[in-house]
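A.B. asks: Structure file run-v3.txt, compact mmCIF, C-alpha atoms and all ligand atoms, is pasted below:
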```txt
# COMPACT_ATOMS: atom_id res chain seq x y z
CA MET A 1 100.08 126.21 123.28
CA THR A 2 102.68 127.46 120.83
CA GLY A 3 106.30 126.89 119.96
CA LYS A 4 106.50 123.22 120.94
CA PRO A 5 108.29 121.11 118.34
CA LYS A 6 105.86 118.54 116.96
CA ARG A 7 107.17 114.99 117.39
CA ARG A 8 106.56 112.76 114.38
CA GLY A 9 107.60 109.17 113.82
CA LEU A 10 105.70 106.35 112.16
CA PHE A 11 102.64 106.52 114.41
CA ILE A 12 101.77 110.20 114.04
CA ASP A 13 102.71 110.18 110.35
CA THR A 14 100.25 107.32 109.82
CA LEU A 15 97.59 109.08 111.86
CA LYS A 16 98.05 112.11 109.61
CA GLY A 17 97.61 109.98 106.47
CA ASP A 18 100.93 108.36 105.45
CA VAL A 19 101.07 104.72 104.39
CA ALA A 20 104.27 102.86 105.37
CA PRO A 21 105.30 99.34 104.28
CA GLN A 22 104.46 98.07 107.80
CA PRO A 23 101.83 99.73 109.97
CA PRO A 24 102.72 101.15 113.39
CA MET A 25 101.34 99.06 116.23
CA TRP A 26 100.21 99.20 119.86
CA LEU A 27 97.66 97.18 121.83
CA MET A 28 94.79 98.46 123.91
CA ARG A 29 95.47 97.65 127.59
CA GLN A 30 99.06 96.84 126.63
CA ALA A 31 100.13 97.61 130.20
CA GLY A 32 98.44 95.06 132.40
CA ARG A 33 98.05 91.73 134.05
CA TYR A 34 99.41 89.53 131.21
CA LEU A 35 102.86 90.98 132.07
CA PRO A 36 104.65 89.50 135.12
CA GLU A 37 106.54 92.79 135.58
CA TYR A 38 103.17 94.60 135.78
CA LYS A 39 101.83 92.20 138.38
CA ALA A 40 105.02 92.67 140.41
CA ILE A 41 104.67 96.47 140.67
CA ARG A 42 100.86 96.30 140.94
CA ALA A 43 101.32 94.20 144.11
CA THR A 44 103.22 97.08 145.75
CA ALA A 45 100.19 99.46 145.65
CA SER A 46 97.33 99.16 148.12
CA SER A 47 94.59 99.76 145.54
CA PHE A 48 94.26 100.19 141.79
CA ILE A 49 93.31 103.86 142.11
CA ASP A 50 96.38 104.51 144.31
CA PHE A 51 98.43 102.79 141.64
CA CYS A 52 96.99 105.15 138.97
CA TYR A 53 97.81 108.17 141.19
CA ASN A 54 101.40 107.07 141.88
CA PRO A 55 103.56 108.70 139.16
CA ASP A 56 106.56 106.39 139.72
CA LEU A 57 104.49 103.21 139.42
CA ALA A 58 102.29 104.54 136.60
CA THR A 59 105.35 105.72 134.63
CA GLU A 60 106.94 102.31 135.02
CA ALA A 61 103.72 100.51 133.97
CA THR A 62 103.41 102.73 130.88
CA LEU A 63 106.97 101.95 129.78
CA GLN A 64 107.01 98.18 130.47
CA PRO A 65 105.31 97.09 127.21
CA ILE A 66 107.53 99.42 125.16
CA ARG A 67 110.69 97.89 126.65
CA ARG A 68 109.43 94.37 126.06
CA PHE A 69 107.84 94.68 122.60
CA ASP A 70 109.14 97.98 121.18
CA PHE A 71 105.59 99.10 120.25
CA ASP A 72 105.34 102.37 118.31
CA ALA A 73 103.20 104.02 120.96
CA ALA A 74 102.91 103.99 124.74
CA ILE A 75 99.53 104.64 126.35
CA LEU A 76 99.42 106.57 129.58
CA PHE A 77 98.75 104.20 132.47
CA SER A 78 95.60 105.42 134.22
CA ASP A 79 91.88 104.67 133.98
CA ILE A 80 88.83 106.35 132.49
CA LEU A 81 87.24 106.42 135.97
CA VAL A 82 89.67 109.00 137.39
CA VAL A 83 87.32 111.57 135.79
CA PRO A 84 84.30 110.74 138.02
CA ASP A 85 86.77 110.65 140.92
CA ALA A 86 87.90 114.19 140.03
CA LEU A 87 84.23 115.23 139.78
CA GLY A 88 83.76 114.23 143.42
CA GLN A 89 82.14 110.81 143.03
CA THR A 90 83.44 107.99 145.23
CA VAL A 91 85.38 105.54 143.02
CA ARG A 92 87.10 102.37 144.14
CA PHE A 93 88.19 99.15 142.48
CA ALA A 94 87.14 96.04 144.37
CA GLU A 95 89.90 93.43 144.00
CA GLY A 96 88.84 90.93 141.33
CA GLU A 97 85.41 92.52 140.89
CA GLY A 98 85.98 95.72 138.95
CA PRO A 99 84.97 99.32 139.60
CA ARG A 100 82.53 100.41 142.31
CA LEU A 101 81.16 103.98 142.38
CA SER A 102 78.46 105.60 144.49
CA PRO A 103 75.62 105.22 141.91
CA LEU A 104 73.60 108.13 140.52
CA VAL A 105 70.11 106.78 141.06
CA SER A 106 68.09 109.96 140.57
CA PRO A 107 68.74 113.39 138.99
CA GLU A 108 69.19 114.78 142.54
CA ASP A 109 72.27 112.57 143.01
CA CYS A 110 74.01 114.49 140.20
CA GLY A 111 73.79 117.57 142.43
CA PHE A 112 76.55 116.14 144.64
CA LEU A 113 79.05 116.24 141.79
CA ASN A 114 81.43 119.17 141.31
CA ASP A 115 80.53 121.46 138.41
CA GLU A 116 84.10 121.37 137.20
CA ILE A 117 86.76 118.69 137.10
CA ASP A 118 89.37 119.07 139.84
CA LEU A 119 92.60 119.02 137.82
CA GLU A 120 94.62 119.33 141.05
CA ARG A 121 93.45 115.87 142.02
CA LEU A 122 94.73 114.61 138.67
CA ALA A 123 98.15 116.26 139.10
CA PRO A 124 99.83 112.82 139.55
CA VAL A 125 98.50 111.78 136.13
CA PHE A 126 100.12 114.80 134.49
CA GLU A 127 103.33 114.06 136.37
CA THR A 128 103.20 110.54 134.91
CA VAL A 129 102.85 112.03 131.41
CA ARG A 130 105.95 114.21 131.97
CA GLY A 131 107.89 111.27 133.41
CA VAL A 132 107.03 108.97 130.51
CA ARG A 133 107.71 111.58 127.87
CA ALA A 134 111.15 112.23 129.35
CA GLU A 135 112.00 108.51 129.02
CA LEU A 136 110.49 107.81 125.59
CA SER A 137 112.53 108.35 122.44
CA ASP A 138 111.29 111.02 120.02
CA ASP A 139 110.08 108.52 117.43
CA LYS A 140 107.67 106.91 119.93
CA THR A 141 104.22 108.36 120.48
CA LEU A 142 102.66 108.87 123.90
CA ILE A 143 98.88 108.41 123.78
CA GLY A 144 96.71 110.06 126.41
CA PHE A 145 93.03 109.20 126.76
CA CYS A 146 89.67 109.72 128.35
CA GLY A 147 86.48 107.72 128.43
CA ALA A 148 83.75 109.14 126.22
CA PRO A 149 80.94 110.86 128.16
CA TRP A 150 78.42 108.09 127.41
CA THR A 151 80.73 105.27 128.55
CA VAL A 152 81.82 107.14 131.70
CA ALA A 153 78.17 107.98 132.45
CA THR A 154 77.23 104.27 132.31
CA TYR A 155 79.62 103.59 135.22
CA MET A 156 78.63 106.75 137.10
CA ILE A 157 74.93 105.89 136.98
CA ALA A 158 75.10 102.12 137.57
CA GLY A 159 77.97 102.44 140.03
CA ARG A 160 79.65 99.46 138.35
CA GLY A 161 80.07 97.71 135.03
CA THR A 162 76.85 96.20 133.64
CA PRO A 163 76.29 93.82 130.71
CA ASP A 164 73.78 96.01 128.87
CA GLN A 165 74.18 99.48 130.49
CA ARG A 166 70.52 99.31 131.42
CA PRO A 167 70.64 101.77 134.36
CA ALA A 168 72.15 104.57 132.21
CA ARG A 169 69.83 103.86 129.29
CA MET A 170 66.79 103.95 131.60
CA PHE A 171 68.04 107.14 133.30
CA ALA A 172 68.44 108.83 129.90
CA TYR A 173 64.88 107.91 128.84
CA ALA A 174 63.32 108.89 132.18
CA HIS A 175 65.31 112.09 132.81
CA PRO A 176 66.57 113.40 129.44
CA GLU A 177 67.34 116.90 130.73
CA ALA A 178 69.30 115.74 133.77
CA PHE A 179 71.10 113.21 131.59
CA GLN A 180 71.99 115.91 129.04
CA ARG A 181 73.41 118.04 131.90
CA LEU A 182 75.53 115.10 133.05
CA ILE A 183 76.83 114.53 129.49
CA ASP A 184 77.56 118.27 129.15
CA ARG A 185 79.51 118.20 132.40
CA LEU A 186 81.48 115.21 131.16
CA VAL A 187 82.19 116.92 127.82
CA ASP A 188 83.54 119.90 129.76
CA ALA A 189 85.60 117.68 132.07
CA SER A 190 86.97 115.66 129.14
CA VAL A 191 88.05 118.77 127.24
CA ARG A 192 89.92 120.17 130.25
CA TYR A 193 91.44 116.80 131.08
CA LEU A 194 92.63 116.11 127.51
CA VAL A 195 94.04 119.63 127.07
CA ALA A 196 95.96 119.23 130.35
CA GLN A 197 97.35 115.91 129.08
CA PHE A 198 98.53 117.61 125.87
CA GLU A 199 100.10 120.39 127.93
CA ALA A 200 101.95 117.79 130.02
CA GLY A 201 103.32 116.13 126.87
CA VAL A 202 101.05 113.52 125.25
CA ASP A 203 101.28 113.49 121.44
CA CYS A 204 97.83 112.13 120.69
CA VAL A 205 94.68 111.13 122.59
CA GLN A 206 92.12 108.36 122.25
CA ILE A 207 88.49 108.73 123.30
CA PHE A 208 87.22 105.32 124.51
CA ASP A 209 83.49 104.86 123.90
CA SER A 210 83.44 101.20 124.91
CA TRP A 211 79.67 101.00 125.26
CA ALA A 212 78.63 102.96 122.15
CA GLY A 213 77.27 99.78 120.57
CA VAL A 214 74.24 99.30 122.82
CA LEU A 215 72.42 102.46 121.79
CA PRO A 216 69.67 102.84 119.18
CA ARG A 217 70.50 105.21 116.36
CA ALA A 218 68.91 108.39 117.80
CA GLU A 219 70.57 107.90 121.20
CA PHE A 220 73.90 107.03 119.55
CA ASP A 221 73.73 110.39 117.74
CA SER A 222 72.82 112.31 120.92
CA TRP A 223 75.02 110.61 123.50
CA CYS A 224 78.03 109.39 121.47
CA VAL A 225 78.43 111.41 118.26
CA ALA A 226 77.38 114.88 119.49
CA PRO A 227 79.60 114.84 122.63
CA ALA A 228 82.58 113.59 120.58
CA VAL A 229 82.02 116.38 118.02
CA GLU A 230 82.16 118.90 120.87
CA ILE A 231 85.23 117.38 122.53
CA VAL A 232 87.22 117.29 119.28
CA ARG A 233 86.21 120.84 118.35
CA ARG A 234 86.97 122.32 121.78
CA VAL A 235 90.26 120.46 122.30
CA ARG A 236 91.47 121.58 118.86
CA ALA A 237 90.43 125.18 119.58
CA ILE A 238 93.03 125.13 122.37
CA VAL A 239 95.54 122.63 120.93
CA PRO A 240 95.47 123.32 117.17
CA GLY A 241 95.70 120.16 115.07
CA ALA A 242 95.57 117.90 118.16
CA PRO A 243 95.81 114.28 116.90
CA ILE A 244 92.70 112.42 118.12
CA ILE A 245 91.52 108.81 117.74
CA GLY A 246 87.89 107.91 118.43
CA PHE A 247 86.91 104.37 119.48
CA PRO A 248 83.12 103.99 119.32
CA ARG A 249 83.09 100.27 120.05
CA GLY A 250 80.14 98.52 118.46
CA ALA A 251 79.23 101.49 116.23
CA SER A 252 79.07 99.05 113.31
CA THR A 253 77.40 100.62 110.26
CA SER A 254 77.59 104.10 111.86
CA LEU A 255 81.42 104.06 112.05
CA SER A 256 82.05 106.12 108.95
CA GLU A 257 79.49 108.71 109.99
CA TYR A 258 81.06 108.98 113.46
CA ALA A 259 84.46 109.50 111.80
CA THR A 260 83.26 112.16 109.37
CA LYS A 261 81.08 114.11 111.81
CA THR A 262 83.61 114.20 114.66
CA GLY A 263 86.64 114.96 112.46
CA VAL A 264 88.88 112.50 114.34
CA ASP A 265 92.22 111.65 112.69
CA GLY A 266 91.81 107.96 113.41
CA ILE A 267 89.02 105.56 114.22
CA GLY A 268 89.31 102.39 116.29
CA ILE A 269 87.60 99.41 114.65
CA ASP A 270 86.32 96.71 117.01
CA THR A 271 86.67 92.99 116.52
CA ALA A 272 83.18 92.41 115.11
CA VAL A 273 83.66 94.75 112.12
CA ASP A 274 85.09 93.46 108.83
CA LEU A 275 88.21 95.61 108.42
CA GLY A 276 87.83 95.44 104.64
CA PHE A 277 84.35 96.99 105.00
CA ALA A 278 85.77 99.69 107.28
CA ALA A 279 88.61 100.34 104.82
CA LYS A 280 86.08 100.86 102.03
CA THR A 281 83.45 102.85 103.89
CA VAL A 282 85.40 105.13 106.26
CA ASP A 283 86.58 108.30 104.53
CA ARG A 284 90.12 107.89 103.22
CA SER A 285 91.28 110.92 105.18
CA VAL A 286 90.66 108.99 108.42
CA THR A 287 93.22 106.40 109.59
CA ILE A 288 91.75 103.07 110.62
CA GLN A 289 93.00 101.30 113.73
CA GLY A 290 92.46 97.68 114.64
CA ASN A 291 91.17 95.07 114.85
CA LEU A 292 92.63 91.70 115.87
CA ASP A 293 90.42 89.53 118.08
CA PRO A 294 91.99 89.41 121.60
CA LEU A 295 90.92 85.74 121.73
CA VAL A 296 92.94 84.72 118.67
CA LEU A 297 95.93 86.31 120.39
CA ILE A 298 95.33 84.00 123.35
CA ASN A 299 95.17 81.05 120.92
CA GLY A 300 98.34 81.93 118.96
CA GLY A 301 99.66 79.53 116.32
CA ALA A 302 98.48 79.35 112.72
CA ALA A 303 95.10 80.93 113.57
CA LEU A 304 96.90 84.04 114.83
CA ASP A 305 99.13 84.32 111.76
CA ALA A 306 96.14 83.93 109.44
CA ALA A 307 94.10 86.55 111.32
CA VAL A 308 97.00 89.03 111.24
CA ASP A 309 97.52 88.47 107.51
CA ARG A 310 93.84 89.04 106.79
CA ILE A 311 93.94 92.37 108.61
CA LEU A 312 97.12 93.52 106.87
CA GLU A 313 95.62 92.58 103.53
CA ALA A 314 92.28 94.26 104.21
CA ALA A 315 94.03 97.51 105.24
CA ASP A 316 96.45 97.41 102.32
CA ARG A 317 97.34 100.82 100.87
CA ARG A 318 95.39 102.85 103.33
CA PRO A 319 96.61 104.52 106.55
CA HIS A 320 96.33 101.84 109.24
CA ILE A 321 97.48 101.46 112.83
CA PHE A 322 97.62 97.82 113.90
CA ASN A 323 95.81 97.09 117.18
CA LEU A 324 93.41 94.69 118.81
CA GLY A 325 89.66 95.14 118.45
CA HIS A 326 89.43 95.51 122.27
CA GLY A 327 91.81 95.25 125.24
CA ILE A 328 94.37 92.47 125.65
CA LEU A 329 93.22 89.84 128.15
CA PRO A 330 95.18 88.82 131.28
CA GLU A 331 95.59 85.19 130.16
CA THR A 332 97.41 86.15 126.91
CA PRO A 333 100.77 84.35 126.58
CA ILE A 334 103.70 86.71 126.07
CA ALA A 335 105.12 84.41 123.36
CA HIS A 336 101.95 85.09 121.31
CA VAL A 337 102.43 88.85 121.57
CA GLU A 338 106.01 88.32 120.35
CA GLN A 339 104.69 86.22 117.46
CA LEU A 340 102.21 89.00 116.63
CA VAL A 341 104.89 91.69 116.60
CA ARG A 342 107.09 89.62 114.26
CA ARG A 343 104.19 88.93 111.91
CA VAL A 344 103.04 92.57 111.69
CA ARG A 345 106.59 93.81 111.18
CA GLY A 346 107.48 91.05 108.71
CA ILE A 347 110.49 89.83 110.71
O1 LIG B 1 97.34 99.87 128.92
C1 LIG B 1 96.40 100.68 128.73
O2 LIG B 1 95.56 100.55 127.82
C2 LIG B 1 96.33 101.91 129.60
C3 LIG B 1 95.56 101.85 130.79
C4 LIG B 1 94.05 101.66 130.79
C5 LIG B 1 93.40 100.96 131.84
N1 LIG B 1 92.04 101.09 131.65
C6 LIG B 1 94.08 100.25 132.93
C7 LIG B 1 93.32 99.28 133.75
C8 LIG B 1 93.06 102.18 129.94
C9 LIG B 1 93.21 102.96 128.65
C10 LIG B 1 91.79 101.80 130.51
C11 LIG B 1 90.50 102.20 129.91
C12 LIG B 1 89.26 101.72 130.52
N2 LIG B 1 88.97 101.51 131.82
C13 LIG B 1 88.07 101.49 129.78
C14 LIG B 1 87.89 101.70 128.30
C15 LIG B 1 88.49 100.62 127.48
C16 LIG B 1 87.82 99.29 127.55
O3 LIG B 1 88.51 98.34 127.97
O4 LIG B 1 86.63 99.18 127.22
C17 LIG B 1 87.08 101.08 130.70
C18 LIG B 1 85.65 100.70 130.35
C19 LIG B 1 87.67 101.11 131.99
C20 LIG B 1 87.00 100.81 133.30
C21 LIG B 1 87.65 99.69 134.01
N3 LIG B 1 88.91 99.74 134.57
C22 LIG B 1 87.10 98.42 134.28
C23 LIG B 1 85.73 97.95 133.85
C24 LIG B 1 88.07 97.69 135.00
C25 LIG B 1 87.92 96.32 135.60
C26 LIG B 1 88.03 95.24 134.60
C27 LIG B 1 89.38 94.60 134.64
O5 LIG B 1 89.97 94.39 133.56
O6 LIG B 1 89.82 94.28 135.76
C28 LIG B 1 89.21 98.53 135.13
C29 LIG B 1 90.47 98.17 135.82
C30 LIG B 1 91.73 98.35 135.03
N4 LIG B 1 92.06 99.43 134.28
C31 LIG B 1 92.82 97.43 135.02
C32 LIG B 1 93.83 98.01 134.21
C33 LIG B 1 95.20 97.46 133.92
C34 LIG B 1 92.90 96.10 135.78
C35 LIG B 1 93.01 96.33 137.25
C36 LIG B 1 94.31 95.86 137.89
O7 LIG B 1 95.36 95.76 137.25
O8 LIG B 1 94.26 95.63 139.11
```
Show the structure stored in the file as structure tokens.
C.D. replies:
Amino acid sequence: MTGKPKRRGLFIDTLKGDVAPQPPMWLMRQAGRYLPEYKAIRATASSFIDFCYNPDLATEATLQPIRRFDFDAAILFSDILVVPDALGQTVRFAEGEGPRLSPLVSPEDCGFLNDEIDLERLAPVFETVRGVRAELSDDKTLIGFCGAPWTVATYMIAGRGTPDQRPARMFAYAHPEAFQRLIDRLVDASVRYLVAQFEAGVDCVQIFDSWAGVLPRAEFDSWCVAPAVEIVRRVRAIVPGAPIIGFPRGASTSLSEYATKTGVDGIGIDTAVDLGFAAKTVDRSVTIQGNLDPLVLINGGAALDAAVDRILEAADRRPHIFNLGHGILPETPIAHVEQLVRRVRGI
């Protein structure tokens, strides 16, 4: 990719190391069920996966939170589980229950997956990226994403969300070689998928490792850090300087090492981490992102203001993108998001 003008604006400038008087902000899962306008268009699609593969609906869902709250970045509306779908696994979302995949019980089950990600199947996602980018102003950032190999593998193996990711952890201990092959395949798929998102027009990508926090140190290094190192290196070999944010949720005391080893531009800090600790320990060249508790946003009021102020103070004078420590919850009142935006922007 050459010759494309690089869009800047507050978000990318901050990701590349600038410190502004007020941090740029966006919220994980900012398009979703807390918005009545989201629920209205969601009701027009027969299933969640159809919704993700409908460029008109997905473009609209991506833009809704920007229109309402004027966030500095839009995140592509899709899901991390379109990757297993494009690898040939059956993926559906049971209404009110969450994702359901045909589980990978034994190493032989992995044999049914495609070797390579079918980017044709994901063509509607890239069309969504083009549609959103055409509507967004130049100073707004469009974030693309993928699930990290470990997190995606936990759903592929269990066939659903699990509280402790036990099926994937047991699979990795019992069949380390087959598990490594699955991770390698997901690294490959993620690289191709992220590069295609950049080619369609995203300005930055985030790698969601939502279940990084359950692994012991050695497994965290093998299944979270090493794959992220590879993804960042291989994406940047094709898209030089690609802005990348890593979100190893629950990485705790290993956060700074994840940041340094992977070479990400930004690192998502989850709710349980003291942002002041992250600000001191993560290398100054890496922008920190986070980390308001989604529950204090549901509460609102003085507790919300105090929590926001503590974060702004803890991140003072270092590159910081304001965000939640995990996704916004459906029961969040819109008035509290408005209060949050005013508080962060000092208006
Ligand atoms: O606004 C955005 O952040 C962009 C869209 C987005 C969705 N999912 C939409 C979605 C993104 C970035 C994701 C990431 C995702 N998906 C993750 C990683 C981040 C995290 O939250 O840990 C994971 C683990 C998934 C898998 C997934 N998708 C689950 C477990 C569920 C069911 C739980 C739930 O909240 O219902 C989904 C469904 C999903 N993905 C919804 C949305 C808006 C809700 C479904 C609906 O609207 O019908």
A.B. asks: Have a look at A:Ile75, A:Ile183, A:Ile41, A:Ile245 and name the one nearest to ligand LIG 1 (chain B); count all atoms listed in the file.
C.D. replies: A:Ile75
A.B. asks: Using only C-alpha atoms for the distances, tell me which of A:Pro99, A:Gly111, A:Pro227, A:Gly32 is nearest to Ala158 in chain A.
C.D. replies: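 Of all the options, A:Pro99 lies closest to Ala158 in chain A.
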A.B. asks: Check every protein, DNA and RNA residue against ligand LIG 1 (chain B), keep those with an atom at most 8 Å away (counting all atoms listed in the file), and present them as a ChimeraX atom specification.
C.D. replies: /A:27-33,39,42,47-48,62,75-81,93,95-99,145-147,151-152,160-161,208-211,326-327,329-330
A.B. asks: Do you have the CA of Ala307 in chain A-CA of Gln22 in chain A distance handy?
C.D. replies: 15.9 Å
A.B. asks: Would you compute the distance between CA of Phe71 in chain A and CA of Gly9 in chain A? Give it in Å to one decimal.
C.D. replies: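 That distance, rounded to one decimal, is 12.1 Å.
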A.B. asks: Could you tell me, as a PDB file with C-alpha atoms, in the coordinates of the input, which residues have any atom at most 6 Å from (89.7, 91.7, 120.8), counting all atoms listed in the file?
C.D. replies:
```pdb
ATOM      1  CA  THR A 271      86.670  92.990 116.520  1.00  0.00           C
ATOM      2  CA  LEU A 292      92.630  91.700 115.870  1.00  0.00           C
ATOM      3  CA  ASP A 293      90.420  89.530 118.080  1.00  0.00           C
ATOM      4  CA  PRO A 294      91.990  89.410 121.600  1.00  0.00           C
ATOM      5  CA  LEU A 324      93.410  94.690 118.810  1.00  0.00           C
ATOM      6  CA  GLY A 325      89.660  95.140 118.450  1.00  0.00           C
ATOM      7  CA  HIS A 326      89.430  95.510 122.270  1.00  0.00           C
TER       8      HIS A 326
END
```
A.B. asks: Any idea what the distance is between CA of Met156 in chain A and CA of Tyr38 in chain A?
C.D. replies: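 Atom-to-atom, CA of Met156 in chain A to CA of Tyr38 in chain A, that is 27.4 Å.
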A.B. asks: So, counting all atoms listed in the file, which residue among A:Asp221, A:Asp274, A:Asp265, A:Glu338 is closest to Leu297 in chain A?
C.D. replies: A:Glu338
